[in-house]
>>> print(open('work35.pdb').read())   # PDB, N, CA and C atoms
MODEL        1
ATOM      1  N   MET A   1       4.567 -16.263 110.487  1.00  0.00           N
ATOM      2  CA  MET A   1       4.043 -17.559 110.865  1.00  0.00           C
ATOM      3  C   MET A   1       2.713 -17.838 110.163  1.00  0.00           C
ATOM      4  N   ALA A   2       1.872 -16.812 110.061  1.00  0.00           N
ATOM      5  CA  ALA A   2       0.577 -16.992 109.405  1.00  0.00           C
ATOM      6  C   ALA A   2       0.759 -17.369 107.937  1.00  0.00           C
ATOM      7  N   ASP A   3       1.762 -16.776 107.267  1.00  0.00           N
ATOM      8  CA  ASP A   3       2.018 -17.122 105.867  1.00  0.00           C
ATOM      9  C   ASP A   3       2.431 -18.581 105.724  1.00  0.00           C
ATOM     10  N   ILE A   4       3.244 -19.069 106.628  1.00  0.00           N
ATOM     11  CA  ILE A   4       3.671 -20.474 106.581  1.00  0.00           C
ATOM     12  C   ILE A   4       2.470 -21.402 106.752  1.00  0.00           C
ATOM     13  N   ILE A   5       1.615 -21.070 107.701  1.00  0.00           N
ATOM     14  CA  ILE A   5       0.409 -21.874 107.906  1.00  0.00           C
ATOM     15  C   ILE A   5      -0.459 -21.829 106.650  1.00  0.00           C
ATOM     16  N   GLY A   6      -0.590 -20.652 106.051  1.00  0.00           N
ATOM     17  CA  GLY A   6      -1.367 -20.508 104.818  1.00  0.00           C
ATOM     18  C   GLY A   6      -0.784 -21.308 103.669  1.00  0.00           C
ATOM     19  N   ILE A   7       0.525 -21.291 103.548  1.00  0.00           N
ATOM     20  CA  ILE A   7       1.178 -22.051 102.473  1.00  0.00           C
ATOM     21  C   ILE A   7       0.973 -23.545 102.679  1.00  0.00           C
ATOM     22  N   ILE A   8       1.151 -24.031 103.890  1.00  0.00           N
ATOM     23  CA  ILE A   8       0.947 -25.459 104.170  1.00  0.00           C
ATOM     24  C   ILE A   8      -0.496 -25.858 103.855  1.00  0.00           C
ATOM     25  N   GLY A   9      -1.437 -25.050 104.301  1.00  0.00           N
ATOM     26  CA  GLY A   9      -2.846 -25.333 104.027  1.00  0.00           C
ATOM     27  C   GLY A   9      -3.152 -25.303 102.542  1.00  0.00           C
ATOM     28  N   SER A  10      -2.600 -24.337 101.831  1.00  0.00           N
ATOM     29  CA  SER A  10      -2.835 -24.236 100.392  1.00  0.00           C
ATOM     30  C   SER A  10      -2.248 -25.414  99.636  1.00  0.00           C
ATOM     31  N   VAL A  11      -1.052 -25.817 100.001  1.00  0.00           N
ATOM     32  CA  VAL A  11      -0.426 -26.967  99.340  1.00  0.00           C
ATOM     33  C   VAL A  11      -1.251 -28.229  99.589  1.00  0.00           C
ATOM     34  N   ALA A  12      -1.680 -28.417 100.827  1.00  0.00           N
ATOM     35  CA  ALA A  12      -2.498 -29.595 101.140  1.00  0.00           C
ATOM     36  C   ALA A  12      -3.815 -29.557 100.381  1.00  0.00           C
ATOM     37  N   PHE A  13      -4.456 -28.403 100.353  1.00  0.00           N
ATOM     38  CA  PHE A  13      -5.737 -28.276  99.672  1.00  0.00           C
ATOM     39  C   PHE A  13      -5.588 -28.422  98.164  1.00  0.00           C
ATOM     40  N   ALA A  14      -4.545 -27.822  97.597  1.00  0.00           N
ATOM     41  CA  ALA A  14      -4.340 -27.876  96.154  1.00  0.00           C
ATOM     42  C   ALA A  14      -4.001 -29.282  95.685  1.00  0.00           C
ATOM     43  N   THR A  15      -3.298 -30.035  96.509  1.00  0.00           N
ATOM     44  CA  THR A  15      -2.865 -31.368  96.081  1.00  0.00           C
ATOM     45  C   THR A  15      -3.855 -32.474  96.442  1.00  0.00           C
ATOM     46  N   CYS A  16      -4.915 -32.142  97.158  1.00  0.00           N
ATOM     47  CA  CYS A  16      -5.855 -33.194  97.553  1.00  0.00           C
ATOM     48  C   CYS A  16      -6.564 -33.807  96.345  1.00  0.00           C
ATOM     49  N   ALA A  17      -6.604 -33.127  95.222  1.00  0.00           N
ATOM     50  CA  ALA A  17      -7.253 -33.661  94.028  1.00  0.00           C
ATOM     51  C   ALA A  17      -6.345 -34.611  93.246  1.00  0.00           C
ATOM     52  N   ILE A  18      -5.059 -34.593  93.531  1.00  0.00           N
ATOM     53  CA  ILE A  18      -4.111 -35.401  92.751  1.00  0.00           C
ATOM     54  C   ILE A  18      -4.434 -36.897  92.777  1.00  0.00           C
ATOM     55  N   PRO A  19      -4.769 -37.497  93.921  1.00  0.00           N
ATOM     56  CA  PRO A  19      -5.101 -38.929  93.880  1.00  0.00           C
ATOM     57  C   PRO A  19      -6.271 -39.243  92.941  1.00  0.00           C
ATOM     58  N   GLN A  20      -7.263 -38.361  92.892  1.00  0.00           N
ATOM     59  CA  GLN A  20      -8.396 -38.600  91.994  1.00  0.00           C
ATOM     60  C   GLN A  20      -7.994 -38.419  90.536  1.00  0.00           C
ATOM     61  N   VAL A  21      -7.133 -37.444  90.263  1.00  0.00           N
ATOM     62  CA  VAL A  21      -6.635 -37.246  88.902  1.00  0.00           C
ATOM     63  C   VAL A  21      -5.853 -38.477  88.451  1.00  0.00           C
ATOM     64  N   VAL A  22      -5.014 -38.996  89.319  1.00  0.00           N
ATOM     65  CA  VAL A  22      -4.236 -40.198  89.001  1.00  0.00           C
ATOM     66  C   VAL A  22      -5.177 -41.372  88.725  1.00  0.00           C
ATOM     67  N   GLU A  23      -6.202 -41.516  89.545  1.00  0.00           N
ATOM     68  CA  GLU A  23      -7.165 -42.605  89.350  1.00  0.00           C
ATOM     69  C   GLU A  23      -7.900 -42.457  88.016  1.00  0.00           C
ATOM     70  N   CYS A  24      -8.316 -41.257  87.679  1.00  0.00           N
ATOM     71  CA  CYS A  24      -8.968 -41.022  86.385  1.00  0.00           C
ATOM     72  C   CYS A  24      -8.019 -41.341  85.238  1.00  0.00           C
ATOM     73  N   TYR A  25      -6.770 -40.951  85.375  1.00  0.00           N
ATOM     74  CA  TYR A  25      -5.783 -41.214  84.324  1.00  0.00           C
ATOM     75  C   TYR A  25      -5.546 -42.713  84.162  1.00  0.00           C
ATOM     76  N   ARG A  26      -5.421 -43.428  85.272  1.00  0.00           N
ATOM     77  CA  ARG A  26      -5.199 -44.878  85.200  1.00  0.00           C
ATOM     78  C   ARG A  26      -6.366 -45.594  84.534  1.00  0.00           C
ATOM     79  N   LYS A  27      -7.581 -45.207  84.912  1.00  0.00           N
ATOM     80  CA  LYS A  27      -8.783 -45.842  84.365  1.00  0.00           C
ATOM     81  C   LYS A  27      -9.155 -45.286  82.994  1.00  0.00           C
ATOM     82  N   LYS A  28      -8.593 -44.128  82.661  1.00  0.00           N
ATOM     83  CA  LYS A  28      -8.999 -43.383  81.467  1.00  0.00           C
ATOM     84  C   LYS A  28     -10.491 -43.107  81.518  1.00  0.00           C
ATOM     85  N   SER A  29     -10.968 -42.817  82.728  1.00  0.00           N
ATOM     86  CA  SER A  29     -12.392 -42.607  82.949  1.00  0.00           C
ATOM     87  C   SER A  29     -12.598 -41.842  84.256  1.00  0.00           C
ATOM     88  N   ALA A  30     -13.711 -41.105  84.303  1.00  0.00           N
ATOM     89  CA  ALA A  30     -14.127 -40.432  85.535  1.00  0.00           C
ATOM     90  C   ALA A  30     -15.484 -40.982  85.954  1.00  0.00           C
ATOM     91  N   GLU A  31     -15.647 -42.263  85.713  1.00  0.00           N
ATOM     92  CA  GLU A  31     -16.942 -42.921  85.906  1.00  0.00           C
ATOM     93  C   GLU A  31     -17.543 -42.708  87.293  1.00  0.00           C
ATOM     94  N   GLY A  32     -16.763 -42.738  88.341  1.00  0.00           N
ATOM     95  CA  GLY A  32     -17.295 -42.630  89.694  1.00  0.00           C
ATOM     96  C   GLY A  32     -17.631 -41.209  90.141  1.00  0.00           C
ATOM     97  N   LEU A  33     -17.312 -40.228  89.324  1.00  0.00           N
ATOM     98  CA  LEU A  33     -17.544 -38.832  89.700  1.00  0.00           C
ATOM     99  C   LEU A  33     -18.838 -38.329  89.071  1.00  0.00           C
ATOM    100  N   SER A  34     -19.684 -37.711  89.869  1.00  0.00           N
ATOM    101  CA  SER A  34     -20.957 -37.220  89.336  1.00  0.00           C
ATOM    102  C   SER A  34     -20.765 -35.873  88.648  1.00  0.00           C
ATOM    103  N   TRP A  35     -21.632 -35.618  87.671  1.00  0.00           N
ATOM    104  CA  TRP A  35     -21.606 -34.331  86.986  1.00  0.00           C
ATOM    105  C   TRP A  35     -21.891 -33.195  87.958  1.00  0.00           C
ATOM    106  N   ALA A  36     -22.835 -33.418  88.872  1.00  0.00           N
ATOM    107  CA  ALA A  36     -23.184 -32.372  89.836  1.00  0.00           C
ATOM    108  C   ALA A  36     -21.958 -31.972  90.657  1.00  0.00           C
ATOM    109  N   PHE A  37     -21.204 -32.955  91.109  1.00  0.00           N
ATOM    110  CA  PHE A  37     -20.001 -32.694  91.892  1.00  0.00           C
ATOM    111  C   PHE A  37     -19.002 -31.870  91.086  1.00  0.00           C
ATOM    112  N   LEU A  38     -18.733 -32.299  89.858  1.00  0.00           N
ATOM    113  CA  LEU A  38     -17.742 -31.616  89.032  1.00  0.00           C
ATOM    114  C   LEU A  38     -18.182 -30.203  88.650  1.00  0.00           C
ATOM    115  N   ILE A  39     -19.452 -30.034  88.324  1.00  0.00           N
ATOM    116  CA  ILE A  39     -19.954 -28.707  87.941  1.00  0.00           C
ATOM    117  C   ILE A  39     -19.923 -27.757  89.140  1.00  0.00           C
ATOM    118  N   LEU A  40     -20.373 -28.236  90.292  1.00  0.00           N
ATOM    119  CA  LEU A  40     -20.328 -27.384  91.487  1.00  0.00           C
ATOM    120  C   LEU A  40     -18.895 -27.032  91.869  1.00  0.00           C
ATOM    121  N   TRP A  41     -17.998 -27.992  91.718  1.00  0.00           N
ATOM    122  CA  TRP A  41     -16.585 -27.730  91.991  1.00  0.00           C
ATOM    123  C   TRP A  41     -16.076 -26.634  91.054  1.00  0.00           C
ATOM    124  N   ALA A  42     -16.414 -26.751  89.757  1.00  0.00           N
ATOM    125  CA  ALA A  42     -15.965 -25.762  88.776  1.00  0.00           C
ATOM    126  C   ALA A  42     -16.525 -24.382  89.096  1.00  0.00           C
ATOM    127  N   ILE A  43     -17.796 -24.309  89.440  1.00  0.00           N
ATOM    128  CA  ILE A  43     -18.399 -23.023  89.798  1.00  0.00           C
ATOM    129  C   ILE A  43     -17.698 -22.441  91.024  1.00  0.00           C
ATOM    130  N   GLY A  44     -17.436 -23.278  92.003  1.00  0.00           N
ATOM    131  CA  GLY A  44     -16.725 -22.829  93.200  1.00  0.00           C
ATOM    132  C   GLY A  44     -15.345 -22.297  92.880  1.00  0.00           C
ATOM    133  N   GLU A  45     -14.624 -23.000  92.025  1.00  0.00           N
ATOM    134  CA  GLU A  45     -13.276 -22.558  91.630  1.00  0.00           C
ATOM    135  C   GLU A  45     -13.332 -21.201  90.935  1.00  0.00           C
ATOM    136  N   ILE A  46     -14.216 -21.078  89.959  1.00  0.00           N
ATOM    137  CA  ILE A  46     -14.302 -19.853  89.168  1.00  0.00           C
ATOM    138  C   ILE A  46     -14.658 -18.658  90.051  1.00  0.00           C
ATOM    139  N   PHE A  47     -15.708 -18.808  90.855  1.00  0.00           N
ATOM    140  CA  PHE A  47     -16.144 -17.688  91.677  1.00  0.00           C
ATOM    141  C   PHE A  47     -15.131 -17.346  92.767  1.00  0.00           C
ATOM    142  N   THR A  48     -14.458 -18.345  93.304  1.00  0.00           N
ATOM    143  CA  THR A  48     -13.453 -18.065  94.331  1.00  0.00           C
ATOM    144  C   THR A  48     -12.253 -17.341  93.728  1.00  0.00           C
ATOM    145  N   ILE A  49     -11.843 -17.730  92.533  1.00  0.00           N
ATOM    146  CA  ILE A  49     -10.740 -17.023  91.861  1.00  0.00           C
ATOM    147  C   ILE A  49     -11.134 -15.575  91.599  1.00  0.00           C
ATOM    148  N   ILE A  50     -12.361 -15.357  91.139  1.00  0.00           N
ATOM    149  CA  ILE A  50     -12.836 -13.991  90.899  1.00  0.00           C
ATOM    150  C   ILE A  50     -12.828 -13.189  92.198  1.00  0.00           C
ATOM    151  N   TYR A  51     -13.221 -13.816  93.287  1.00  0.00           N
ATOM    152  CA  TYR A  51     -13.262 -13.142  94.581  1.00  0.00           C
ATOM    153  C   TYR A  51     -11.861 -12.812  95.107  1.00  0.00           C
ATOM    154  N   ILE A  52     -10.922 -13.736  94.920  1.00  0.00           N
ATOM    155  CA  ILE A  52      -9.575 -13.568  95.466  1.00  0.00           C
ATOM    156  C   ILE A  52      -8.719 -12.636  94.600  1.00  0.00           C
ATOM    157  N   TRP A  53      -8.959 -12.611  93.295  1.00  0.00           N
ATOM    158  CA  TRP A  53      -8.102 -11.884  92.353  1.00  0.00           C
ATOM    159  C   TRP A  53      -7.820 -10.434  92.760  1.00  0.00           C
ATOM    160  N   PRO A  54      -8.833  -9.634  93.139  1.00  0.00           N
ATOM    161  CA  PRO A  54      -8.532  -8.230  93.490  1.00  0.00           C
ATOM    162  C   PRO A  54      -7.562  -8.084  94.668  1.00  0.00           C
ATOM    163  N   ASN A  55      -7.533  -9.060  95.552  1.00  0.00           N
ATOM    164  CA  ASN A  55      -6.627  -8.992  96.710  1.00  0.00           C
ATOM    165  C   ASN A  55      -5.208  -9.425  96.373  1.00  0.00           C
ATOM    166  N   GLN A  56      -5.041 -10.033  95.199  1.00  0.00           N
ATOM    167  CA  GLN A  56      -3.723 -10.515  94.759  1.00  0.00           C
ATOM    168  C   GLN A  56      -3.073 -11.419  95.810  1.00  0.00           C
ATOM    169  N   ASP A  57      -3.862 -12.276  96.402  1.00  0.00           N
ATOM    170  CA  ASP A  57      -3.346 -13.251  97.372  1.00  0.00           C
ATOM    171  C   ASP A  57      -2.766 -14.424  96.585  1.00  0.00           C
ATOM    172  N   TRP A  58      -1.474 -14.351  96.317  1.00  0.00           N
ATOM    173  CA  TRP A  58      -0.827 -15.308  95.422  1.00  0.00           C
ATOM    174  C   TRP A  58      -0.809 -16.724  95.981  1.00  0.00           C
ATOM    175  N   ILE A  59      -0.835 -16.861  97.278  1.00  0.00           N
ATOM    176  CA  ILE A  59      -0.892 -18.205  97.872  1.00  0.00           C
ATOM    177  C   ILE A  59      -2.214 -18.867  97.509  1.00  0.00           C
ATOM    178  N   LEU A  60      -3.304 -18.165  97.737  1.00  0.00           N
ATOM    179  CA  LEU A  60      -4.611 -18.733  97.417  1.00  0.00           C
ATOM    180  C   LEU A  60      -4.836 -18.840  95.909  1.00  0.00           C
ATOM    181  N   LEU A  61      -4.397 -17.847  95.160  1.00  0.00           N
ATOM    182  CA  LEU A  61      -4.575 -17.901  93.706  1.00  0.00           C
ATOM    183  C   LEU A  61      -3.841 -19.090  93.105  1.00  0.00           C
ATOM    184  N   SER A  62      -2.615 -19.336  93.539  1.00  0.00           N
ATOM    185  CA  SER A  62      -1.880 -20.488  93.005  1.00  0.00           C
ATOM    186  C   SER A  62      -2.578 -21.777  93.391  1.00  0.00           C
ATOM    187  N   ASN A  63      -3.131 -21.838  94.593  1.00  0.00           N
ATOM    188  CA  ASN A  63      -3.883 -23.003  95.040  1.00  0.00           C
ATOM    189  C   ASN A  63      -5.058 -23.260  94.105  1.00  0.00           C
ATOM    190  N   TYR A  64      -5.885 -22.254  93.877  1.00  0.00           N
ATOM    191  CA  TYR A  64      -7.086 -22.447  93.074  1.00  0.00           C
ATOM    192  C   TYR A  64      -6.767 -22.674  91.603  1.00  0.00           C
ATOM    193  N   PHE A  65      -5.722 -22.056  91.086  1.00  0.00           N
ATOM    194  CA  PHE A  65      -5.341 -22.322  89.700  1.00  0.00           C
ATOM    195  C   PHE A  65      -4.872 -23.771  89.537  1.00  0.00           C
ATOM    196  N   PHE A  66      -4.044 -24.258  90.457  1.00  0.00           N
ATOM    197  CA  PHE A  66      -3.583 -25.648  90.376  1.00  0.00           C
ATOM    198  C   PHE A  66      -4.757 -26.612  90.514  1.00  0.00           C
ATOM    199  N   ASN A  67      -5.636 -26.307  91.464  1.00  0.00           N
ATOM    200  CA  ASN A  67      -6.806 -27.147  91.676  1.00  0.00           C
ATOM    201  C   ASN A  67      -7.693 -27.136  90.437  1.00  0.00           C
ATOM    202  N   SER A  68      -7.773 -26.001  89.751  1.00  0.00           N
ATOM    203  CA  SER A  68      -8.551 -25.906  88.514  1.00  0.00           C
ATOM    204  C   SER A  68      -7.961 -26.792  87.426  1.00  0.00           C
ATOM    205  N   LEU A  69      -6.640 -26.884  87.370  1.00  0.00           N
ATOM    206  CA  LEU A  69      -6.006 -27.783  86.406  1.00  0.00           C
ATOM    207  C   LEU A  69      -6.382 -29.240  86.692  1.00  0.00           C
ATOM    208  N   CYS A  70      -6.370 -29.607  87.955  1.00  0.00           N
ATOM    209  CA  CYS A  70      -6.771 -30.963  88.332  1.00  0.00           C
ATOM    210  C   CYS A  70      -8.221 -31.216  87.939  1.00  0.00           C
ATOM    211  N   LEU A  71      -9.068 -30.249  88.203  1.00  0.00           N
ATOM    212  CA  LEU A  71     -10.482 -30.363  87.846  1.00  0.00           C
ATOM    213  C   LEU A  71     -10.643 -30.491  86.336  1.00  0.00           C
ATOM    214  N   ALA A  72      -9.857 -29.748  85.571  1.00  0.00           N
ATOM    215  CA  ALA A  72      -9.933 -29.819  84.112  1.00  0.00           C
ATOM    216  C   ALA A  72      -9.607 -31.225  83.609  1.00  0.00           C
ATOM    217  N   VAL A  73      -8.640 -31.877  84.225  1.00  0.00           N
ATOM    218  CA  VAL A  73      -8.300 -33.255  83.840  1.00  0.00           C
ATOM    219  C   VAL A  73      -9.486 -34.180  84.107  1.00  0.00           C
ATOM    220  N   MET A  74     -10.100 -34.033  85.273  1.00  0.00           N
ATOM    221  CA  MET A  74     -11.245 -34.889  85.596  1.00  0.00           C
ATOM    222  C   MET A  74     -12.420 -34.617  84.664  1.00  0.00           C
ATOM    223  N   LEU A  75     -12.657 -33.343  84.329  1.00  0.00           N
ATOM    224  CA  LEU A  75     -13.727 -33.017  83.382  1.00  0.00           C
ATOM    225  C   LEU A  75     -13.428 -33.579  81.996  1.00  0.00           C
ATOM    226  N   PHE A  76     -12.172 -33.552  81.602  1.00  0.00           N
ATOM    227  CA  PHE A  76     -11.782 -34.140  80.321  1.00  0.00           C
ATOM    228  C   PHE A  76     -12.181 -35.615  80.265  1.00  0.00           C
ATOM    229  N   PHE A  77     -11.832 -36.360  81.304  1.00  0.00           N
ATOM    230  CA  PHE A  77     -12.163 -37.789  81.314  1.00  0.00           C
ATOM    231  C   PHE A  77     -13.672 -38.011  81.434  1.00  0.00           C
ATOM    232  N   LYS A  78     -14.372 -37.128  82.127  1.00  0.00           N
ATOM    233  CA  LYS A  78     -15.829 -37.257  82.222  1.00  0.00           C
ATOM    234  C   LYS A  78     -16.462 -37.040  80.855  1.00  0.00           C
ATOM    235  N   ILE A  79     -15.974 -36.083  80.103  1.00  0.00           N
ATOM    236  CA  ILE A  79     -16.472 -35.835  78.752  1.00  0.00           C
ATOM    237  C   ILE A  79     -16.115 -36.998  77.839  1.00  0.00           C
ATOM    238  N   GLU A  80     -14.914 -37.529  78.002  1.00  0.00           N
ATOM    239  CA  GLU A  80     -14.513 -38.711  77.222  1.00  0.00           C
ATOM    240  C   GLU A  80     -15.431 -39.901  77.504  1.00  0.00           C
ATOM    241  N   ASP A  81     -15.898 -40.023  78.754  1.00  0.00           N
ATOM    242  CA  ASP A  81     -16.827 -41.109  79.097  1.00  0.00           C
ATOM    243  C   ASP A  81     -18.109 -40.997  78.280  1.00  0.00           C
ATOM    244  N   LEU A  82     -18.536 -39.777  77.969  1.00  0.00           N
ATOM    245  CA  LEU A  82     -19.750 -39.586  77.161  1.00  0.00           C
ATOM    246  C   LEU A  82     -19.563 -40.080  75.734  1.00  0.00           C
ATOM    247  N   ARG A  83     -18.352 -40.012  75.245  1.00  0.00           N
ATOM    248  CA  ARG A  83     -18.056 -40.410  73.863  1.00  0.00           C
ATOM    249  C   ARG A  83     -17.972 -41.924  73.696  1.00  0.00           C
ATOM    250  N   LYS A  84     -17.877 -42.635  74.802  1.00  0.00           N
ATOM    251  CA  LYS A  84     -17.731 -44.103  74.714  1.00  0.00           C
ATOM    252  C   LYS A  84     -19.054 -44.767  74.478  1.00  0.00           C
TER     253      LYS A  84
ENDMDL
END
>>> encode(input="work35.pdb", output="structure tokens")
Amino acid sequence: MADIIGIIGSVAFATCAIPQVVECYRKKSAEGLSWAFLILWAIGEIFTIIYIWPNQDWILLSNYFFNSLCLAVMLFFKIEDLRK
């Protein structure tokens, strides 16, 4: 039962970034997102993955890896905003 609860929580947490990724893709911009927010998010992702990795908790690792992909898309558009 605990694994099911963990999976549901991980899926919800991992997919919560999708609406923002879609919005960035539609606008071709991450204008409303601050650098501080994105950098702190990235630091949190990296350090949490490092912390979880030795335990091989695949539910959490898949969550953070997917969330990192979403973050990478938003960072891409934020960097593109600098080029405009």
>>> atom_distance(input="work35.pdb", atom1="atom C of A:Tyr64", atom2="atom C of A:Arg83")
28.6 Å
>>> resolve_selection(input="work35.pdb", expression="the PyMOL selection byres (((chain A and resi 42 and name CA) around 12) and name CA)", output="short mmCIF file (atom, residue, chain, number, x, y, z; two decimals) with N, CA and C atoms, in the frame of the given file")
data_model
loop_
_atom_site.label_atom_id
_atom_site.label_comp_id
_atom_site.auth_asym_id
_atom_site.auth_seq_id
_atom_site.Cartn_x
_atom_site.Cartn_y
_atom_site.Cartn_z
N TRP A 35 -21.63 -35.62 87.67
CA TRP A 35 -21.61 -34.33 86.99
C TRP A 35 -21.89 -33.20 87.96
N ALA A 36 -22.84 -33.42 88.87
CA ALA A 36 -23.18 -32.37 89.84
C ALA A 36 -21.96 -31.97 90.66
N PHE A 37 -21.20 -32.96 91.11
CA PHE A 37 -20.00 -32.69 91.89
C PHE A 37 -19.00 -31.87 91.09
N LEU A 38 -18.73 -32.30 89.86
CA LEU A 38 -17.74 -31.62 89.03
C LEU A 38 -18.18 -30.20 88.65
N ILE A 39 -19.45 -30.03 88.32
CA ILE A 39 -19.95 -28.71 87.94
C ILE A 39 -19.92 -27.76 89.14
N LEU A 40 -20.37 -28.24 90.29
CA LEU A 40 -20.33 -27.38 91.49
C LEU A 40 -18.90 -27.03 91.87
N TRP A 41 -18.00 -27.99 91.72
CA TRP A 41 -16.58 -27.73 91.99
C TRP A 41 -16.08 -26.63 91.05
N ILE A 43 -17.80 -24.31 89.44
CA ILE A 43 -18.40 -23.02 89.80
C ILE A 43 -17.70 -22.44 91.02
N GLY A 44 -17.44 -23.28 92.00
CA GLY A 44 -16.73 -22.83 93.20
C GLY A 44 -15.34 -22.30 92.88
N GLU A 45 -14.62 -23.00 92.02
CA GLU A 45 -13.28 -22.56 91.63
C GLU A 45 -13.33 -21.20 90.94
N ILE A 46 -14.22 -21.08 89.96
CA ILE A 46 -14.30 -19.85 89.17
C ILE A 46 -14.66 -18.66 90.05
N PHE A 47 -15.71 -18.81 90.86
CA PHE A 47 -16.14 -17.69 91.68
C PHE A 47 -15.13 -17.35 92.77
N THR A 48 -14.46 -18.34 93.30
CA THR A 48 -13.45 -18.07 94.33
C THR A 48 -12.25 -17.34 93.73
N ILE A 49 -11.84 -17.73 92.53
CA ILE A 49 -10.74 -17.02 91.86
C ILE A 49 -11.13 -15.58 91.60
N TYR A 64 -5.88 -22.25 93.88
CA TYR A 64 -7.09 -22.45 93.07
C TYR A 64 -6.77 -22.67 91.60
N PHE A 65 -5.72 -22.06 91.09
CA PHE A 65 -5.34 -22.32 89.70
C PHE A 65 -4.87 -23.77 89.54
N ASN A 67 -5.64 -26.31 91.46
CA ASN A 67 -6.81 -27.15 91.68
C ASN A 67 -7.69 -27.14 90.44
N SER A 68 -7.77 -26.00 89.75
CA SER A 68 -8.55 -25.91 88.51
C SER A 68 -7.96 -26.79 87.43
N LEU A 69 -6.64 -26.88 87.37
CA LEU A 69 -6.01 -27.78 86.41
C LEU A 69 -6.38 -29.24 86.69
N CYS A 70 -6.37 -29.61 87.96
CA CYS A 70 -6.77 -30.96 88.33
C CYS A 70 -8.22 -31.22 87.94
N LEU A 71 -9.07 -30.25 88.20
CA LEU A 71 -10.48 -30.36 87.85
C LEU A 71 -10.64 -30.49 86.34
N ALA A 72 -9.86 -29.75 85.57
CA ALA A 72 -9.93 -29.82 84.11
C ALA A 72 -9.61 -31.22 83.61
N VAL A 73 -8.64 -31.88 84.22
CA VAL A 73 -8.30 -33.26 83.84
C VAL A 73 -9.49 -34.18 84.11
N MET A 74 -10.10 -34.03 85.27
CA MET A 74 -11.24 -34.89 85.60
C MET A 74 -12.42 -34.62 84.66
N LEU A 75 -12.66 -33.34 84.33
CA LEU A 75 -13.73 -33.02 83.38
C LEU A 75 -13.43 -33.58 82.00
#
>>> resolve_selection(input="work35.pdb", expression="the PyMOL selection byres ((chain A and resi 30) around 8)", output="list in words")
Glu23, Cys24, Tyr25, Lys27, Lys28, Ser29, Glu31, Gly32, Leu33, Ser34, Val73, Met74, Leu75, Phe76, Phe77, Lys78, Ile79, Glu80 and Asp81 of chain A
>>> axis_aligned_box(input="work35.pdb", around="stretch 62-73 of chain A", padding_each_side="6 Å", output="JSON")
{"center_x": -6.3, "center_y": -26.8, "center_z": 89.3, "size_x": 20.8, "size_y": 26.8, "size_z": 23.4}
>>> closest_residue(input="work35.pdb", among="A:Ile59, A:Ile50, A:Val22, A:Leu82", to="A:Gly6", atoms="only N, CA and C atoms")
A:Ile59
>>> atom_distance(input="work35.pdb", atom1="atom CA of A:Gln56", atom2="atom CA of A:Gln20")
28.6 Å
>>> select_by_dssp(input="work35.pdb", residues="chain A", states="alpha helix (DSSP H)", output="number ranges by chain")
A: 2-15, 18-27, 35-52, 58-83
>>> atom_distance(input="work35.pdb", atom1="atom N of A:Ser62", atom2="atom C of A:Arg26")
28.0 Å
